[in-house]
Every structure is written in C-alpha cells, then in structure tokens.
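Structure file structure-v8.cif; described as mmCIF, C-alpha atoms and all ligand atoms.
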```cif
data_model
loop_
_atom_site.label_atom_id
_atom_site.label_comp_id
_atom_site.auth_asym_id
_atom_site.auth_seq_id
_atom_site.Cartn_x
_atom_site.Cartn_y
_atom_site.Cartn_z
CA MET A 1 -190.16 20.61 -69.06
CA THR A 2 -188.83 22.47 -66.02
CA ASP A 3 -185.21 23.55 -65.92
CA PRO A 4 -182.88 21.60 -63.66
CA ILE A 5 -182.06 23.11 -60.29
CA GLU A 6 -178.83 25.13 -60.48
CA ILE A 7 -176.39 24.39 -57.67
CA TRP A 8 -173.69 27.05 -57.48
CA THR A 9 -170.22 26.31 -56.19
CA TRP A 10 -166.70 27.68 -56.69
CA ASP A 11 -164.90 27.37 -60.03
CA TRP A 12 -161.83 26.10 -58.15
CA VAL A 13 -160.61 25.56 -54.59
CA PRO A 14 -157.25 24.36 -53.23
CA GLN A 15 -156.88 20.71 -52.15
CA GLY A 16 -157.83 21.26 -48.48
CA PRO A 17 -161.56 21.94 -48.79
CA ARG A 18 -162.17 19.57 -51.71
CA GLY A 19 -164.90 17.12 -50.81
CA HIS A 20 -166.14 19.52 -48.12
CA VAL A 21 -167.39 22.53 -50.05
CA ARG A 22 -170.99 22.73 -48.94
CA ASP A 23 -172.48 22.38 -52.40
CA ILE A 24 -171.96 18.69 -51.57
CA ARG A 25 -174.99 18.86 -49.28
CA LEU A 26 -177.17 20.05 -52.13
CA ARG A 27 -175.73 17.60 -54.65
CA TRP A 28 -176.27 14.77 -52.15
CA ALA A 29 -179.88 15.78 -51.45
CA CYS A 30 -180.67 15.96 -55.19
CA GLU A 31 -179.05 12.56 -55.71
CA GLU A 32 -181.10 11.03 -52.89
CA ALA A 33 -184.32 12.49 -54.24
CA GLY A 34 -183.63 12.03 -57.96
CA LEU A 35 -184.07 15.77 -58.54
CA PRO A 36 -182.43 16.96 -61.79
CA TYR A 37 -179.67 19.49 -61.17
CA THR A 38 -176.78 21.14 -62.85
CA ILE A 39 -173.60 22.59 -61.37
CA CYS A 40 -172.77 26.25 -61.98
CA THR A 41 -169.64 28.02 -60.88
CA ALA A 42 -168.74 31.37 -59.37
CA PRO A 43 -165.15 32.62 -59.64
CA ILE A 44 -163.47 32.26 -56.26
CA ALA A 45 -160.86 34.86 -57.14
CA GLU A 46 -163.30 37.68 -57.99
CA ARG A 47 -166.37 37.80 -55.81
CA GLY A 48 -168.10 40.67 -57.52
CA ALA A 49 -171.45 42.39 -57.23
CA ASP A 50 -173.25 39.55 -59.04
CA HIS A 51 -172.02 37.08 -56.46
CA LEU A 52 -173.06 39.33 -53.57
CA THR A 53 -176.60 39.56 -54.89
CA ARG A 54 -176.73 35.75 -54.63
CA GLN A 55 -174.80 35.24 -51.38
CA PRO A 56 -174.37 38.34 -49.21
CA PHE A 57 -171.33 36.88 -47.40
CA ALA A 58 -169.59 36.11 -50.72
CA GLN A 59 -169.71 32.37 -50.08
CA VAL A 60 -171.16 29.28 -51.72
CA PRO A 61 -173.39 27.37 -52.09
CA PHE A 62 -176.50 28.97 -53.44
CA LEU A 63 -179.18 27.68 -55.77
CA THR A 64 -181.66 28.65 -58.42
CA ASP A 65 -184.86 26.70 -58.84
CA GLY A 66 -187.12 28.46 -61.34
CA ALA A 67 -187.94 31.80 -59.72
CA THR A 68 -186.52 30.71 -56.35
CA ARG A 69 -183.03 31.92 -55.51
CA LEU A 70 -181.62 30.81 -52.18
CA PHE A 71 -178.39 30.93 -50.23
CA GLU A 72 -177.35 29.09 -47.00
CA SER A 73 -176.94 25.35 -47.34
CA GLY A 74 -179.57 24.71 -44.63
CA ALA A 75 -182.19 26.86 -46.40
CA CYS A 76 -181.33 25.18 -49.71
CA LEU A 77 -181.67 21.72 -48.14
CA LEU A 78 -185.08 22.55 -46.68
CA HIS A 79 -186.19 23.87 -50.06
CA LEU A 80 -185.12 20.60 -51.70
CA ALA A 81 -186.81 18.64 -48.92
CA GLU A 82 -190.09 20.39 -49.74
CA LYS A 83 -189.79 18.94 -53.24
CA SER A 84 -189.31 15.33 -52.27
CA GLU A 85 -190.80 13.04 -49.66
CA THR A 86 -187.55 11.07 -49.80
CA LEU A 87 -185.92 13.92 -47.91
CA MET A 88 -188.76 14.90 -45.56
CA PRO A 89 -192.07 13.23 -44.78
CA ARG A 90 -195.29 15.09 -45.53
CA ASP A 91 -197.03 14.45 -42.21
CA ALA A 92 -196.91 17.31 -39.71
CA LEU A 93 -195.09 15.37 -37.00
CA GLY A 94 -192.41 13.95 -39.28
CA ARG A 95 -191.90 17.35 -40.87
CA ALA A 96 -191.55 19.07 -37.49
CA GLU A 97 -188.96 16.51 -36.40
CA VAL A 98 -186.94 17.07 -39.56
CA LEU A 99 -187.05 20.84 -39.09
CA GLU A 100 -185.90 20.67 -35.48
CA TRP A 101 -182.99 18.35 -36.30
CA VAL A 102 -181.89 20.40 -39.30
CA ILE A 103 -181.80 23.50 -37.11
CA ALA A 104 -180.09 21.53 -34.31
CA GLY A 105 -177.45 20.39 -36.78
CA LEU A 106 -176.73 23.94 -37.87
CA ASN A 107 -177.27 25.85 -34.67
CA SER A 108 -176.27 23.43 -31.90
CA VAL A 109 -173.69 21.16 -33.53
CA GLU A 110 -172.11 22.98 -36.48
CA MET A 111 -171.89 26.16 -34.44
CA VAL A 112 -169.43 24.22 -32.25
CA THR A 113 -167.68 22.03 -34.84
CA VAL A 114 -166.71 24.86 -37.19
CA PRO A 115 -165.00 27.06 -34.54
CA TYR A 116 -163.44 23.90 -33.05
CA TRP A 117 -161.97 23.01 -36.44
CA PHE A 118 -160.89 26.60 -37.05
CA ILE A 119 -159.06 26.93 -33.72
CA GLY A 120 -157.48 23.50 -34.24
CA ARG A 121 -155.84 24.68 -37.46
CA THR A 122 -153.25 26.59 -35.40
CA SER A 123 -152.51 23.39 -33.36
CA PRO A 124 -152.94 24.94 -29.90
CA PRO A 125 -151.75 22.69 -27.00
CA GLU A 126 -155.40 22.47 -25.98
CA ASN A 127 -158.50 23.43 -27.92
CA PRO A 128 -160.58 25.66 -25.61
CA LEU A 129 -163.75 24.30 -27.23
CA ASP A 130 -162.93 20.70 -26.30
CA GLY A 131 -165.47 20.47 -23.47
CA TRP A 132 -168.19 22.21 -25.46
CA LEU A 133 -167.71 19.84 -28.39
CA ALA A 134 -167.63 16.80 -26.07
CA SER A 135 -170.94 17.80 -24.49
CA ARG A 136 -172.60 18.05 -27.91
CA LEU A 137 -171.17 14.70 -29.12
CA ASP A 138 -172.13 13.07 -25.85
CA ARG A 139 -175.77 14.15 -26.11
CA LEU A 140 -176.01 13.27 -29.79
CA ASN A 141 -174.55 9.86 -29.04
CA ALA A 142 -177.21 9.33 -26.35
CA VAL A 143 -179.97 10.19 -28.85
CA LEU A 144 -178.63 7.83 -31.49
CA ALA A 145 -178.02 5.01 -29.01
CA SER A 146 -181.73 4.20 -29.14
CA ARG A 147 -182.55 4.88 -32.80
CA ASP A 148 -181.01 4.75 -36.25
CA HIS A 149 -182.22 8.12 -37.51
CA LEU A 150 -182.57 11.59 -36.05
CA ALA A 151 -186.09 12.31 -37.25
CA ALA A 152 -189.28 10.66 -38.44
CA GLY A 153 -187.99 7.10 -37.91
CA ARG A 154 -186.24 6.98 -41.28
CA PHE A 155 -183.50 8.61 -43.35
CA THR A 156 -184.20 12.28 -43.97
CA VAL A 157 -182.35 15.43 -44.87
CA ALA A 158 -181.66 15.89 -41.13
CA ASP A 159 -179.43 12.77 -41.17
CA LEU A 160 -177.74 13.96 -44.34
CA LEU A 161 -176.88 17.32 -42.82
CA MET A 162 -175.72 15.94 -39.45
CA ALA A 163 -173.49 13.34 -41.10
CA ASP A 164 -171.92 16.02 -43.28
CA ILE A 165 -171.27 18.17 -40.22
CA LEU A 166 -169.66 15.25 -38.35
CA ARG A 167 -167.47 13.97 -41.18
CA VAL A 168 -164.95 16.80 -40.91
CA ALA A 169 -161.74 14.87 -40.14
CA VAL A 170 -160.96 16.54 -36.82
CA ILE A 171 -164.45 15.74 -35.53
CA ARG A 172 -164.70 12.27 -37.03
CA SER A 173 -161.42 11.27 -35.44
CA ARG A 174 -163.09 11.81 -32.05
CA LEU A 175 -166.06 9.56 -32.72
CA ASP A 176 -164.38 6.39 -31.41
CA ASP A 177 -165.52 7.58 -27.99
CA TYR A 178 -169.12 7.79 -29.23
CA PRO A 179 -170.05 4.40 -30.74
CA ALA A 180 -173.65 5.22 -31.70
CA LEU A 181 -172.53 8.41 -33.38
CA ALA A 182 -169.67 6.66 -35.17
CA ALA A 183 -172.07 3.97 -36.41
CA PHE A 184 -174.62 6.58 -37.54
CA THR A 185 -172.01 8.57 -39.42
CA SER A 186 -170.57 5.49 -41.14
CA ARG A 187 -174.04 4.26 -42.08
CA VAL A 188 -175.15 7.54 -43.61
CA LEU A 189 -171.85 8.18 -45.37
CA THR A 190 -171.95 4.85 -47.18
CA ARG A 191 -175.16 5.77 -48.96
CA PRO A 192 -174.62 5.64 -52.75
CA ALA A 193 -175.99 9.19 -53.17
CA PHE A 194 -173.31 10.56 -50.86
CA CYS A 195 -170.53 8.57 -52.59
CA LYS A 196 -171.66 9.95 -55.96
CA ALA A 197 -171.92 13.53 -54.71
CA LEU A 198 -168.47 13.31 -53.15
CA GLN A 199 -166.85 11.87 -56.26
CA ASP A 200 -168.59 14.42 -58.49
CA GLN A 201 -167.30 17.30 -56.37
CA LEU A 202 -163.75 15.88 -56.41
CA ASP A 203 -163.99 15.47 -60.20
CA HIS A 204 -165.32 19.01 -60.57
CA PHE A 205 -162.23 20.48 -58.89
CA ALA A 206 -159.85 18.08 -60.66
CA GLU A 207 -161.28 19.29 -63.98
CA ALA A 208 -160.72 22.85 -62.80
CA ASP A 209 -157.04 21.99 -62.13
CA ALA A 210 -156.74 20.58 -65.63
CA ARG A 211 -158.26 23.74 -67.14
CA ARG A 212 -155.92 25.96 -65.12
CA SER A 213 -152.81 24.03 -66.09
CA LYS A 214 -153.78 24.34 -69.79
CA ALA A 215 -154.36 28.11 -69.54
N1 LIG B 1 -173.50 29.02 -43.44
C1 LIG B 1 -173.08 28.91 -44.82
C2 LIG B 1 -171.57 28.69 -44.84
C3 LIG B 1 -171.06 28.73 -46.25
C4 LIG B 1 -169.58 28.49 -46.29
O1 LIG B 1 -168.88 28.42 -45.27
N2 LIG B 1 -169.10 28.35 -47.54
C5 LIG B 1 -167.70 28.13 -47.77
C6 LIG B 1 -167.50 26.92 -48.67
S1 LIG B 1 -168.12 25.48 -47.85
C7 LIG B 1 -167.14 29.33 -48.51
O2 LIG B 1 -167.74 29.82 -49.44
N3 LIG B 1 -165.99 29.79 -48.03
C8 LIG B 1 -165.30 30.89 -48.60
C9 LIG B 1 -165.37 32.10 -47.71
O3 LIG B 1 -165.99 32.05 -46.65
O4 LIG B 1 -164.78 33.11 -48.08
C10 LIG B 1 -173.81 27.74 -45.50
O5 LIG B 1 -174.06 26.73 -44.82
O6 LIG B 1 -174.14 27.84 -46.69
#
```

Serialized structure, structure tokens:
Amino acid sequence: MTDPIEIWTWDWVPQGPRGHVRDIRLRWACEEAGLPYTICTAPIAERGADHLTRQPFAQVPFLTDGATRLFESGACLLHLAEKSETLMPRDALGRAEVLEWVIAGLNSVEMVTVPYWFIGRTSPPENPLDGWLASRLDRLNAVLASRDHLAAGRFTVADLLMADILRVAVIRSRLDDYPALAAFTSRVLTRPAFCKALQDQLDHFAEADARRSKA
C-alpha cells in the first residue's frame, strides 16, 4: 500500500489567517479526488534549516508524495491533478485549458489580489490597486458570464484555485458588482469537499490552541 500524501502546514497560526492558510487548497483537492492524505506540521516559531530545504521562502504549504517533494501551492495542485481525472481531464485540450487557468489564477489574479489585500490592511483612504483589481474582476466576470467553469467545460482544479483566490474577504466583498463571478465563487465554495477542508483546517488550529493552553 502506498503512503498517504503528506500535506505540510503550520503547527499554529493566529486567528486572522485561519481558514486561509494555503494548505487548504491541497486538502480541498485531495478531498475532491478521494486521494488519501495526512496533515503534518512545521513549527511557525522556528523556521529552521529543515524547513528551508522544503520551502525556500520559509512558508507553507509543501507536500511529500513518495519520492516527490514539492512546494508552492500551485505546483502541488498540478501534481495532485496529475493523479486524478476529477481534478484535470486527460485529453490534451482539457489539460491545456486547466494549465492556462491555473497559471492565470496565480499570475494574473492572485498577483493583484494579494498586494491589494496587503495594502488594504493599513486602511489607506484609497487603495492604489483599485483600478488594477477592477480590471481583472471585470474580465473574469465576462469570461464566466457565458460558462459555469473556467476550463474543460467542467469543475477542475482551476476552479478550485480561482475560488480560493477570490474568497479572501476584501475581494469577495467586491463581487456584488460582478454577478457571474459572485455566482461562480458561491457555487464552487459550497462544494462538500471545500466545506470539509475548511472545517478540518479550523479544527486543526483549534486543537493547536488547546495544546498550547495546556502546555
Ligand atoms: N506562493 C506561495 C505562497 C505561500 C504563502 O503565502 N504561505 C503563507 C501561508 S498561506 C505563509 O507561509 N506565510 C508565512 C510567511 O510568509 O512568513 C504558495 O502559493 O504556496
């Protein structure tokens, strides 16, 4: 029997990021595909040499799957997608569409949403990335106005990733202006696999609180 995939996350985080630590993407993909996995933890307080050999920026998530060791949530998702047709079709066209939308999620959408969120944390009178974000949401809304899924005509890992990128509160609160995008996000985020992954991550950090308060 093969060992379960190891998904590595933090041993503890404060309340703010709970539910958003990116191991959720990997948990969610495994839940969708029925891939056996186990959660492993790296100490957030001491990011030592061992951690840096797994994730050179001292972040999470990263995974182990047999001899394969990967960091970057996008790379990990594509690895999982190779293991299950549920996450990515096997035909060349469907596969290409999934790849382009996964990269678009990371490199055209998340590269705007993360700095937008980060700047917004200081509550500036105006977020200088407002227009940039609006242009991305506008175009994504136009794409999803005529179809339910980003790639391959069905749910794939590209939808999973994009919905996770868009569910950050400060972005999601803007989706009322983008009905197709709001509907897409709600649809994908009500999938049972996402609900389970979210609850499991919340439970993981609640258990960490309990352990800390006993120590
Ligand atoms: N591009 C990376 C980003 C990873 C990332 O931002 N990880 C966060 C948790 S979701 C983290 O480890 N933050 C702690 C830090 O950056 O020091 C990926 O998608 O895996």

For the point (-181.4, 7.3, -43.6) in file coordinates, what residues are within 12 Å, counting only C-alpha atoms? Give the answer as a CSV table (one decimal) with C-alpha atoms, in the coordinates of the input?
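The resulting part32.csv:
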```csv
chain,number,residue,atom,x,y,z
A,29,ALA,CA,-179.9,15.8,-51.4
A,32,GLU,CA,-181.1,11.0,-52.9
A,86,THR,CA,-187.6,11.1,-49.8
A,87,LEU,CA,-185.9,13.9,-47.9
A,88,MET,CA,-188.8,14.9,-45.6
A,98,VAL,CA,-186.9,17.1,-39.6
A,147,ARG,CA,-182.6,4.9,-32.8
A,148,ASP,CA,-181.0,4.8,-36.2
A,149,HIS,CA,-182.2,8.1,-37.5
A,150,LEU,CA,-182.6,11.6,-36.0
A,151,ALA,CA,-186.1,12.3,-37.2
A,152,ALA,CA,-189.3,10.7,-38.4
A,153,GLY,CA,-188.0,7.1,-37.9
A,154,ARG,CA,-186.2,7.0,-41.3
A,155,PHE,CA,-183.5,8.6,-43.4
A,156,THR,CA,-184.2,12.3,-44.0
A,157,VAL,CA,-182.4,15.4,-44.9
A,158,ALA,CA,-181.7,15.9,-41.1
A,159,ASP,CA,-179.4,12.8,-41.2
A,160,LEU,CA,-177.7,14.0,-44.3
A,161,LEU,CA,-176.9,17.3,-42.8
A,162,MET,CA,-175.7,15.9,-39.4
A,163,ALA,CA,-173.5,13.3,-41.1
A,184,PHE,CA,-174.6,6.6,-37.5
A,185,THR,CA,-172.0,8.6,-39.4
A,186,SER,CA,-170.6,5.5,-41.1
A,187,ARG,CA,-174.0,4.3,-42.1
A,188,VAL,CA,-175.2,7.5,-43.6
A,189,LEU,CA,-171.8,8.2,-45.4
A,190,THR,CA,-172.0,4.8,-47.2
A,191,ARG,CA,-175.2,5.8,-49.0
A,192,PRO,CA,-174.6,5.6,-52.8
A,193,ALA,CA,-176.0,9.2,-53.2
A,194,PHE,CA,-173.3,10.6,-50.9
```

Notebook entry, point to check: Could you tell me, as a PyMOL selection string, which residues have any atom at most 6 Å from (-158.1, 25.7, -58.7), counting only C-alpha atoms?
Noted result: chain A and resi 12-14+208-209

Next item on the list: Could you check how far atom CA of A:Phe118 sits from atom CA of A:Ile103, in Å to one decimal?
Entry: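 Distance between the two atoms: 21.1 Å.
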
Next item on the list: Quote the spacing between atom CA of A:Trp28 and atom CA of A:Ala45 in Å to one decimal place.
Entry: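 Atom-to-atom, atom CA of A:Trp28 to atom CA of A:Ala45, that is 25.8 Å.
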
Next item on the list: Please identify all polymer residues within 12 Å of A:His79, counting only C-alpha atoms, omitting same-chain residues fewer than 5 positions from it, and present them as number ranges by chain.
Entry: A: 5, 26, 29-30, 35, 62-65, 68-74, 84-85, 87-88, 99, 157

Find the spatial neighbours of A:Ala206, counting all atoms listed in the file, within a cut-off of 10 Å - ignore same-chain residues fewer than 3 positions away - and output them as a PDB file with C-alpha atoms, keeping the file's coordinate frame.
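So selection-v8.pdb came out as:
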```
ATOM      1  CA  TRP A  12    -161.830  26.100 -58.150  1.00  0.00           C
ATOM      2  CA  VAL A  13    -160.610  25.560 -54.590  1.00  0.00           C
ATOM      3  CA  GLN A  15    -156.880  20.710 -52.150  1.00  0.00           C
ATOM      4  CA  ARG A  18    -162.170  19.570 -51.710  1.00  0.00           C
ATOM      5  CA  ASP A 200    -168.590  14.420 -58.490  1.00  0.00           C
ATOM      6  CA  GLN A 201    -167.300  17.300 -56.370  1.00  0.00           C
ATOM      7  CA  LEU A 202    -163.750  15.880 -56.410  1.00  0.00           C
ATOM      8  CA  ASP A 203    -163.990  15.470 -60.200  1.00  0.00           C
ATOM      9  CA  ASP A 209    -157.040  21.990 -62.130  1.00  0.00           C
ATOM     10  CA  ALA A 210    -156.740  20.580 -65.630  1.00  0.00           C
ATOM     11  CA  ARG A 211    -158.260  23.740 -67.140  1.00  0.00           C
ATOM     12  CA  ARG A 212    -155.920  25.960 -65.120  1.00  0.00           C
TER      13      ARG A 212
END
```

Dump as JSON lines the rows for residues of chain A within 9 Å of ligand LIG 1 (chain B): closest atom pair and distance in Å with one decimal, only C-alpha atoms and all ligand atoms counted, ordered by chain and rising residue number.
```
{"residue": "A:Thr9", "atom": "CA", "partner": "B:LIG1", "partner_atom": "O2", "distance": 8.0}
{"residue": "A:Trp10", "atom": "CA", "partner": "B:LIG1", "partner_atom": "O2", "distance": 7.6}
{"residue": "A:Pro17", "atom": "CA", "partner": "B:LIG1", "partner_atom": "S1", "distance": 7.5}
{"residue": "A:His20", "atom": "CA", "partner": "B:LIG1", "partner_atom": "S1", "distance": 6.3}
{"residue": "A:Val21", "atom": "CA", "partner": "B:LIG1", "partner_atom": "S1", "distance": 3.8}
{"residue": "A:Arg22", "atom": "CA", "partner": "B:LIG1", "partner_atom": "S1", "distance": 4.1}
{"residue": "A:Asp23", "atom": "CA", "partner": "B:LIG1", "partner_atom": "S1", "distance": 7.0}
{"residue": "A:Ile24", "atom": "CA", "partner": "B:LIG1", "partner_atom": "S1", "distance": 8.6}
{"residue": "A:Ile44", "atom": "CA", "partner": "B:LIG1", "partner_atom": "C8", "distance": 8.0}
{"residue": "A:Gln55", "atom": "CA", "partner": "B:LIG1", "partner_atom": "O6", "distance": 8.8}
{"residue": "A:Phe57", "atom": "CA", "partner": "B:LIG1", "partner_atom": "O3", "distance": 7.2}
{"residue": "A:Ala58", "atom": "CA", "partner": "B:LIG1", "partner_atom": "O4", "distance": 6.3}
{"residue": "A:Gln59", "atom": "CA", "partner": "B:LIG1", "partner_atom": "O2", "distance": 3.3}
{"residue": "A:Val60", "atom": "CA", "partner": "B:LIG1", "partner_atom": "O2", "distance": 4.1}
{"residue": "A:Pro61", "atom": "CA", "partner": "B:LIG1", "partner_atom": "O6", "distance": 5.5}
{"residue": "A:Phe62", "atom": "CA", "partner": "B:LIG1", "partner_atom": "O6", "distance": 7.2}
{"residue": "A:Phe71", "atom": "CA", "partner": "B:LIG1", "partner_atom": "O6", "distance": 6.3}
{"residue": "A:Glu72", "atom": "CA", "partner": "B:LIG1", "partner_atom": "O6", "distance": 3.5}
{"residue": "A:Ser73", "atom": "CA", "partner": "B:LIG1", "partner_atom": "O6", "distance": 3.8}
{"residue": "A:Gly74", "atom": "CA", "partner": "B:LIG1", "partner_atom": "O5", "distance": 5.9}
{"residue": "A:Ala75", "atom": "CA", "partner": "B:LIG1", "partner_atom": "O6", "distance": 8.1}
{"residue": "A:Cys76", "atom": "CA", "partner": "B:LIG1", "partner_atom": "O6", "distance": 8.2}
{"residue": "A:Leu106", "atom": "CA", "partner": "B:LIG1", "partner_atom": "O5", "distance": 8.0}
```

Keeping C-alpha atoms, export the residues of the selection given above as a short mmCIF file (atom, residue, chain, number, x, y, z; two decimals), in the frame of the given file.
```
data_model
loop_
_atom_site.label_atom_id
_atom_site.label_comp_id
_atom_site.auth_asym_id
_atom_site.auth_seq_id
_atom_site.Cartn_x
_atom_site.Cartn_y
_atom_site.Cartn_z
CA THR A 9 -170.22 26.31 -56.19
CA TRP A 10 -166.70 27.68 -56.69
CA PRO A 17 -161.56 21.94 -48.79
CA HIS A 20 -166.14 19.52 -48.12
CA VAL A 21 -167.39 22.53 -50.05
CA ARG A 22 -170.99 22.73 -48.94
CA ASP A 23 -172.48 22.38 -52.40
CA ILE A 24 -171.96 18.69 -51.57
CA ILE A 44 -163.47 32.26 -56.26
CA GLN A 55 -174.80 35.24 -51.38
CA PHE A 57 -171.33 36.88 -47.40
CA ALA A 58 -169.59 36.11 -50.72
CA GLN A 59 -169.71 32.37 -50.08
CA VAL A 60 -171.16 29.28 -51.72
CA PRO A 61 -173.39 27.37 -52.09
CA PHE A 62 -176.50 28.97 -53.44
CA PHE A 71 -178.39 30.93 -50.23
CA GLU A 72 -177.35 29.09 -47.00
CA SER A 73 -176.94 25.35 -47.34
CA GLY A 74 -179.57 24.71 -44.63
CA ALA A 75 -182.19 26.86 -46.40
CA CYS A 76 -181.33 25.18 -49.71
CA LEU A 106 -176.73 23.94 -37.87
#
```

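Here the question is which of A:Asp11, A:Gly16, A:Pro125, A:Arg174 gets nearest to A:Arg47 using all atoms listed in the file, and that residue is A:Asp11.
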
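The interatomic distance for the pair atom CA of A:Tyr116 and atom CA of A:Leu175 works out to 14.6 Å.
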
Check: Pick the closest to A:Thr2 from A:Ala197, A:Leu77, A:Leu129, A:Ala67: which is it, counting all atoms listed in the file?
Finding: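 The shortest atom-to-atom distance to A:Thr2 comes from A:Ala67.
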